[in-house]
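Accompanying notes for the structure given below.
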Amino acid sequence: MPGPEFSSGDDLVLIAEAVRSAGAIARRYYGCKFKVWEKAEGSPVSEADVAIDSFLAERLTDARPDYGWLSEETADNSSRLSANRTFIVDPIDGTLAFVRHRPHFTICAAVSSGGRPIAGVVYNPISEEFYCAAAGRGAFCNGSAIVPSTTSKIEGCRMLADKGMLAHPAWSNVPNTPWPPMHVESRSSIAYRMALVARGDFDAMLALSAKHDWDLAAADIILTEAGACVTSHSGEILRYNRDVAVQTSVVAAGPALYPALIERVRHLKLPQKRQ
């Protein structure tokens, strides 16, 4: 949770307390039988996603009725585009892990302003890892300050990414370059992957497919405040709460490793995805 330097009126305190409470809802469902269905695009959603979304929407918008709202499990409302600040929420990031009773999911909430997150929380309620950050105030996990790794070489680094993507034969086609040996793992929650890089548990994470704002916003500020670098694969700062709340890709790493990663991927032409 945020430290004593944060007052009860801070946005970070508000979202931290709400997300912590939402974790109790997730734990009530986790490991039990519950309803699961597929969205139009084929991704799973559970009654736990909906319950947490409803809880967070009520708690946060009651406290800040003038803020916009953007969530994976709520129909989009364009009024968020004219709000000075907007909540960006993923009630369960990593639903597939959640429904399979795997503890690699998170609850994510951020507040954005001017296209960038200014406060964010990423919470794994099973492992009890609580990551949070606010602009200019550093990043923390369970109350302790976190920093990324100082690794500078891709070879041998600890990478969070899809193994199949990294092993694809197209990396041997010029101007691409095959990836050197690395320790590669993944997590269902992309926000969790980003938070693990912010804490230095892994050196980098790479996702070369489109992600929604709610997947990234909370973890983005945690990475940034920890001192890591996070951009699109072309090196652009991620901008949130736009008309189409989708990011083409995401690359995150400590400042020593980031330049080498971007050099390998910035030339790629990736497909655009609309919300």
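Naming works like this for the structure tokens: A, B, ... for the chains as they're shown, residue 1 at the start of each chain, ligands 1 onward in shown order.
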For Leu160 (chain A), list every protein, DNA or RNA residue within 9 Å, evaluated using only C-alpha atoms, and leave out those in the same chain fewer than 3 positions away; present the list as a ChimeraX atom specification. /A:163,183-187,193-194,196-197,202-207
Set the distance at 9 Å and use only C-alpha atoms: which residues neighbour region 246-253 of chain A once local chain neighbours fewer than 3 positions away are removed? I'd like the list as number ranges by chain. A: 148-149, 194, 197-198, 202-214, 216, 220, 223, 228-235, 238-243, 256-259, 261-262, 270-275
Pull the strand (DSSP E or B) assignments for region 55-242 of chain A out of DSSP run on the backbone, and list those residues as a ChimeraX atom specification. /A:68-71,86-93,106-113,116-124,129-134,139-141,144-145,158-160,183-185,204-207,211-212,229-231
Per residue of region 93-164 of chain A within 8 Å of region 15-20 of chain A, record the nearest atom pair and its distance in Å to one decimal, counting only C-alpha atoms, with rows in chain order and ascending residue number, as JSON lines.
```
{"residue": "A:Ile107", "atom": "CA", "partner": "A:Val19", "partner_atom": "CA", "distance": 6.7}
{"residue": "A:Cys108", "atom": "CA", "partner": "A:Val19", "partner_atom": "CA", "distance": 7.4}
{"residue": "A:Ala109", "atom": "CA", "partner": "A:Ile15", "partner_atom": "CA", "distance": 6.5}
{"residue": "A:Ala110", "atom": "CA", "partner": "A:Ile15", "partner_atom": "CA", "distance": 7.4}
{"residue": "A:Gly120", "atom": "CA", "partner": "A:Ile15", "partner_atom": "CA", "distance": 7.6}
{"residue": "A:Val121", "atom": "CA", "partner": "A:Ala16", "partner_atom": "CA", "distance": 6.2}
{"residue": "A:Tyr123", "atom": "CA", "partner": "A:Val19", "partner_atom": "CA", "distance": 7.2}
{"residue": "A:Pro125", "atom": "CA", "partner": "A:Arg20", "partner_atom": "CA", "distance": 7.9}
{"residue": "A:Cys132", "atom": "CA", "partner": "A:Ala16", "partner_atom": "CA", "distance": 7.6}
```
Within 9 Å of region 165-177 of chain A, counting only C-alpha atoms, which residues show up once you throw out same-chain ones fewer than 6 positions away? Write them as a list of chain:residue names, please.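 What passes the distance filter is A:Leu208, A:Arg264, A:Val265, A:His267, A:Leu268.
Summary of the local environment: counting only C-alpha atoms, residues at most 8 Å from Asn84 (chain A), other than itself and those fewer than 6 positions away along its chain, are Tyr67, Gly68, Ser113 and Gly114 of chain A.
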Write the residues of the selection above to a file with N, CA and C atoms, as a PDB file, in the first residue's frame.
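Okay, this is what ended up in out_25.pdb:
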```pdb
ATOM      1  N   TYR A  67     -14.537  11.755 -13.074  1.00  0.00           N
ATOM      2  CA  TYR A  67     -13.506  11.028 -13.817  1.00  0.00           C
ATOM      3  C   TYR A  67     -14.157  10.155 -14.893  1.00  0.00           C
ATOM      4  N   GLY A  68     -13.437   9.960 -15.999  1.00  0.00           N
ATOM      5  CA  GLY A  68     -13.881   9.023 -17.012  1.00  0.00           C
ATOM      6  C   GLY A  68     -13.648   7.594 -16.578  1.00  0.00           C
ATOM      7  N   SER A 113      -4.115  11.003 -17.146  1.00  0.00           N
ATOM      8  CA  SER A 113      -4.365  12.419 -17.381  1.00  0.00           C
ATOM      9  C   SER A 113      -3.469  12.869 -18.520  1.00  0.00           C
ATOM     10  N   GLY A 114      -4.022  13.542 -19.494  1.00  0.00           N
ATOM     11  CA  GLY A 114      -3.221  14.002 -20.618  1.00  0.00           C
ATOM     12  C   GLY A 114      -2.606  12.871 -21.417  1.00  0.00           C
TER      13      GLY A 114
END
```
Nearby residues (only C-alpha atoms) at most 9 Å from Ser127 (chain A), same-chain spacing under 3 positions excluded, as a PyMOL selection string: chain A and resi 103-104+123-124+130
Output C-alpha atoms for every residue in that selection, as a PDB file, in the first residue's frame.
```pdb
ATOM      1  CA  PRO A 103      -1.841 -17.758  -9.838  1.00  0.00           C
ATOM      2  CA  HIS A 104      -0.511 -15.601 -12.676  1.00  0.00           C
ATOM      3  CA  TYR A 123      -2.137  -6.625  -7.568  1.00  0.00           C
ATOM      4  CA  ASN A 124      -1.719 -10.392  -7.570  1.00  0.00           C
ATOM      5  CA  PHE A 130       1.024  -5.412  -4.473  1.00  0.00           C
TER       6      PHE A 130
END
```
Work out how far CA of Val89 (chain A) is from CA of Glu72 (chain A), in Å to one decimal. 6.9 Å
Nearest to Gly94 (chain A) by atom-to-atom distance, counting only C-alpha atoms, from A:Leu12, A:Pro44, A:Val147, A:Pro181: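 Comparing A:Leu12, A:Pro44, A:Val147, A:Pro181 against Gly94 (chain A), the winner is A:Pro44.
Ranking A:Leu96, A:Ala63, A:Ser21, A:Ser78 by their shortest atom-to-atom distance to Val36 (chain A), with only C-alpha atoms included, puts A:Leu96 first.
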Run DSSP on the backbone and give me the residues of region 46-85 of chain A it puts in helix (DSSP H, G or I), as JSON, numbers by chain. {"A": [47, 48, 49, 50, 51, 52, 53, 54, 55, 56, 57, 58, 59, 60, 61, 62, 63, 78, 79, 80, 81, 82]}
